Amino acid sequence: MNILFVGDIFGSAGRRIVREHIGHVREVHNVELTIVNAENAAGGFGLTPQIAEDLFDLGADVLTMGNHVWDKKELIDYISSPKPESTECRPRRVIRPANFAPGAPGYGVFEGATASGVDYAVIQLQGRVFMNPIDDPFRTADALLAGIKAKVVVVDFHAEATSEKVALGWYLDGRVTAVLGTHTHIPTADERILLNGTAFQTDVGMSGPYDSVIGVEKELVVHRFLSGMPGKFEAAKGNPKMCATLVTCDPKTGRAAAIQRIMLGE
Ligand SMILES: [Fe+2]
Ligand SMILES: [Fe+2]
């Protein structure tokens, strides 16, 4: 069974390059489960319900978010309106980090079944190193896994520090199908199968404009570093690439057999 995970979509350039490639990648690799990180899909900041619907139309099964989840206020109602068991409802398929404060809007895990009937779960966790303080992602993972029956479990670990991401990979090795990092917007070349059968990559990388500073117009970011002054950030457009990772697993055991990095441009 093949699972496609598309890294953080950034702005209109990211949406365009994903629209161009996601269909043929899903087809060529016979993808059964498509997960897309969409936290920067709306102009670099958050996600709108309309863009979420567009990504589902392109074949996404589950959308993951991250620290930018609340940037577009209209998403709050969209993701918090469905009941937990409304798995066919698209807004229920947009998840935010599970270790946010108890009672935060929305859901941190989605459990569903593929078209061929394979049960799966997608969990999102957010790191705590160099990020806003939130609950422990390690123990949150333990608590969630205790209640998940599906063998195929994909974890999106939205975190800044490579060490925290690698550590969670080892911590969950053998207990989930894949631990894939998001948030830094820089793809890492360390994709591998860990010793007990979990596919791991520190960061899948951004699906967005690479002539930029992690998606933002490069001049604006350089100016901020030079001046130390706040300024408006705008999404860049140049050199868009779709970064994604393909994980092959045994649907009966959930163990990963292969992991492959993908980077496609114009
Ligand atoms: Fe991001
Ligand atoms: Fe992020």
# chains A, B, ... in the order shown; residues from 1 in each chain; ligands from 1

$ residues_near_ligand --ligand "ligand 1" --cutoff "6 Å" --atoms "only C-alpha atoms and all ligand atoms" --output "list in words"
Asp8, Glu39, Asn40 and His183 of chain A

$ write_last_selection --atoms "all heavy atoms" --output "tab-separated table (two decimals), in the first residue's frame"
chain	number	residue	atom	x	y	z
A	8	ASP	N	4.36	20.97	3.37
A	8	ASP	CA	3.69	22.28	3.53
A	8	ASP	C	3.47	23.01	2.20
A	8	ASP	O	4.43	23.52	1.60
A	8	ASP	CB	4.50	23.21	4.44
A	8	ASP	CG	4.86	22.61	5.79
A	8	ASP	OD1	5.16	21.40	5.85
A	8	ASP	OD2	4.87	23.37	6.78
A	39	GLU	N	-0.83	24.05	6.07
A	39	GLU	CA	-0.86	25.16	7.03
A	39	GLU	C	-0.48	26.51	6.43
A	39	GLU	O	-0.77	27.54	7.03
A	39	GLU	CB	0.04	24.85	8.24
A	39	GLU	CG	1.52	24.90	7.92
A	39	GLU	CD	2.38	25.35	9.09
A	39	GLU	OE1	1.85	25.65	10.16
A	39	GLU	OE2	3.60	25.40	8.91
A	40	ASN	N	0.19	26.49	5.26
A	40	ASN	CA	0.59	27.75	4.63
A	40	ASN	C	-0.06	27.94	3.26
A	40	ASN	O	0.39	28.73	2.44
A	40	ASN	CB	2.11	27.82	4.44
A	40	ASN	CG	2.88	27.49	5.69
A	40	ASN	OD1	3.47	26.41	5.80
A	40	ASN	ND2	2.87	28.39	6.65
A	183	HIS	N	7.13	21.64	8.72
A	183	HIS	CA	7.32	22.95	9.37
A	183	HIS	C	8.58	23.70	8.94
A	183	HIS	O	8.53	24.92	8.79
A	183	HIS	CB	7.28	22.86	10.90
A	183	HIS	CG	7.56	24.17	11.59
A	183	HIS	ND1	6.69	25.23	11.52
A	183	HIS	CD2	8.62	24.60	12.34
A	183	HIS	CE1	7.20	26.26	12.22
A	183	HIS	NE2	8.36	25.89	12.72

$ residues_near_ligand --ligand "ligand 2" --cutoff "6 Å" --atoms "only C-alpha atoms and all ligand atoms" --output "list in words"
Gly66, Asn67, His68 and His183 of chain A

$ residues_around --residues "Ile259 of chain A" --least-positions-apart "2" --cutoff "7 Å" --atoms "only C-alpha atoms" --output "PDB file with N, CA, C and O atoms, in the first residue's frame"
ATOM      1  N   GLU A 191      15.714  10.228   4.675  1.00  0.00           N
ATOM      2  CA  GLU A 191      14.594   9.278   4.684  1.00  0.00           C
ATOM      3  C   GLU A 191      15.120   7.850   4.795  1.00  0.00           C
ATOM      4  O   GLU A 191      16.090   7.482   4.144  1.00  0.00           O
ATOM      5  N   ARG A 192      14.476   7.085   5.684  1.00  0.00           N
ATOM      6  CA  ARG A 192      14.927   5.706   5.909  1.00  0.00           C
ATOM      7  C   ARG A 192      13.832   4.938   6.633  1.00  0.00           C
ATOM      8  O   ARG A 192      12.871   5.516   7.144  1.00  0.00           O
ATOM      9  N   ALA A 199       8.836   4.202   8.865  1.00  0.00           N
ATOM     10  CA  ALA A 199       9.462   5.090   7.881  1.00  0.00           C
ATOM     11  C   ALA A 199       9.643   6.458   8.533  1.00  0.00           C
ATOM     12  O   ALA A 199       8.754   6.942   9.247  1.00  0.00           O
ATOM     13  N   THR A 245       6.692  12.835   0.017  1.00  0.00           N
ATOM     14  CA  THR A 245       7.356  11.583   0.367  1.00  0.00           C
ATOM     15  C   THR A 245       6.366  10.445   0.193  1.00  0.00           C
ATOM     16  O   THR A 245       5.187  10.566   0.545  1.00  0.00           O
ATOM     17  N   LEU A 246       6.875   9.383  -0.422  1.00  0.00           N
ATOM     18  CA  LEU A 246       6.042   8.218  -0.694  1.00  0.00           C
ATOM     19  C   LEU A 246       6.463   7.092   0.258  1.00  0.00           C
ATOM     20  O   LEU A 246       7.639   6.737   0.311  1.00  0.00           O
ATOM     21  N   VAL A 247       5.509   6.574   0.989  1.00  0.00           N
ATOM     22  CA  VAL A 247       5.795   5.474   1.921  1.00  0.00           C
ATOM     23  C   VAL A 247       5.033   4.234   1.462  1.00  0.00           C
ATOM     24  O   VAL A 247       3.827   4.303   1.215  1.00  0.00           O
ATOM     25  N   THR A 248       5.751   3.134   1.334  1.00  0.00           N
ATOM     26  CA  THR A 248       5.118   1.864   0.998  1.00  0.00           C
ATOM     27  C   THR A 248       5.058   1.018   2.265  1.00  0.00           C
ATOM     28  O   THR A 248       6.069   0.876   2.964  1.00  0.00           O
ATOM     29  N   ARG A 261      11.797   9.993  -1.390  1.00  0.00           N
ATOM     30  CA  ARG A 261      11.600  11.457  -1.494  1.00  0.00           C
ATOM     31  C   ARG A 261      11.211  11.838  -2.907  1.00  0.00           C
ATOM     32  O   ARG A 261      11.715  11.260  -3.866  1.00  0.00           O
TER      33      ARG A 261
END

$ select_by_dssp --residues "segment 5-178 of chain A" --states "alpha helix (DSSP H)" --output "PyMOL selection string"
chain A and resi 11-28+49-57+74-80+137-146+162-172

$ residues_around --residues "Lys151 of chain A" --least-positions-apart "2" --cutoff "10 Å" --atoms "only C-alpha atoms" --output "PyMOL selection string"
chain A and resi 118-121+148-149+153-154+175-177+250-255

$ residues_around --residues "Glu234 of chain A" --least-positions-apart "4" --cutoff "8 Å" --atoms "only C-alpha atoms" --output "NGL selection string"
:A and (43-44 or 216-217 or 220)

$ residues_around --residues "Arg92 of chain A" --least-positions-apart "4" --cutoff "12 Å" --atoms "only C-alpha atoms" --output "number ranges by chain"
A: 49, 52-53, 56, 61-64, 75-88, 96, 105-112, 122

$ write_last_selection --atoms "C-alpha atoms" --output "compact mmCIF listing (two decimals), in the first residue's frame"
# COMPACT_ATOMS: atom_id res chain seq x y z
CA PRO A 49 -12.29 26.49 3.81
CA ALA A 52 -9.30 23.06 1.81
CA GLU A 53 -12.18 22.02 -0.48
CA PHE A 56 -9.83 17.56 -1.27
CA ASP A 61 -7.77 12.37 2.02
CA VAL A 62 -6.48 14.21 5.07
CA LEU A 63 -5.09 17.74 5.51
CA THR A 64 -2.68 18.48 8.34
CA LEU A 75 -11.02 27.85 9.47
CA ILE A 76 -11.89 27.65 13.17
CA ASP A 77 -15.62 27.12 12.52
CA TYR A 78 -14.89 24.86 9.56
CA ILE A 79 -12.75 22.38 11.50
CA SER A 80 -14.62 22.46 14.78
CA SER A 81 -18.16 22.02 13.43
CA PRO A 82 -18.16 18.26 12.60
CA LYS A 83 -18.73 15.60 15.24
CA PRO A 84 -15.73 13.33 16.01
CA GLU A 85 -17.32 10.36 14.23
CA SER A 86 -18.25 12.30 11.05
CA THR A 87 -15.43 10.72 9.08
CA GLU A 88 -17.00 11.32 5.67
CA ARG A 96 -4.23 20.35 13.80
CA PRO A 105 -11.02 23.79 18.37
CA GLY A 106 -10.73 20.94 15.89
CA TYR A 107 -9.15 17.50 16.09
CA GLY A 108 -5.59 16.20 16.32
CA VAL A 109 -6.21 12.78 14.83
CA PHE A 110 -8.27 11.38 11.98
CA GLU A 111 -9.27 7.74 11.71
CA GLY A 112 -10.74 6.47 8.45
CA VAL A 122 -3.32 10.21 10.80

$ residues_around --residues "Asn99 of chain A" --least-positions-apart "6" --cutoff "8 Å" --atoms "only C-alpha atoms" --output "JSON list (two decimals) with N, CA and C atoms, in the first residue's frame"
[["chain", "number", "residue", "atom", "x", "y", "z"],
["A", 108, "GLY", "N", -7.01, 16.46, 16.54],
["A", 108, "GLY", "CA", -5.59, 16.20, 16.32],
["A", 108, "GLY", "C", -5.32, 14.86, 15.67],
["A", 125, "LEU", "N", 1.32, 16.03, 15.51],
["A", 125, "LEU", "CA", 1.90, 16.51, 16.76],
["A", 125, "LEU", "C", 2.79, 17.70, 16.45],
["A", 126, "GLN", "N", 2.95, 18.56, 17.43],
["A", 126, "GLN", "CA", 3.84, 19.71, 17.21],
["A", 126, "GLN", "C", 4.96, 19.68, 18.24],
["A", 134, "ILE", "N", 3.70, 23.99, 24.41],
["A", 134, "ILE", "CA", 2.45, 23.20, 24.35],
["A", 134, "ILE", "C", 2.70, 21.88, 25.07],
["A", 135, "ASP", "N", 1.69, 21.01, 25.06],
["A", 135, "ASP", "CA", 1.82, 19.75, 25.79],
["A", 135, "ASP", "C", 2.88, 18.84, 25.14],
["A", 136, "ASP", "N", 3.29, 17.85, 25.91],
["A", 136, "ASP", "CA", 4.34, 16.92, 25.49],
["A", 136, "ASP", "C", 3.89, 16.09, 24.28],
["A", 137, "PRO", "N", 4.57, 16.21, 23.14],
["A", 137, "PRO", "CA", 4.15, 15.43, 21.97],
["A", 137, "PRO", "C", 4.40, 13.93, 22.13],
["A", 140, "THR", "N", 1.65, 12.57, 24.38],
["A", 140, "THR", "CA", 0.39, 12.69, 23.63],
["A", 140, "THR", "C", 0.30, 11.55, 22.62]]
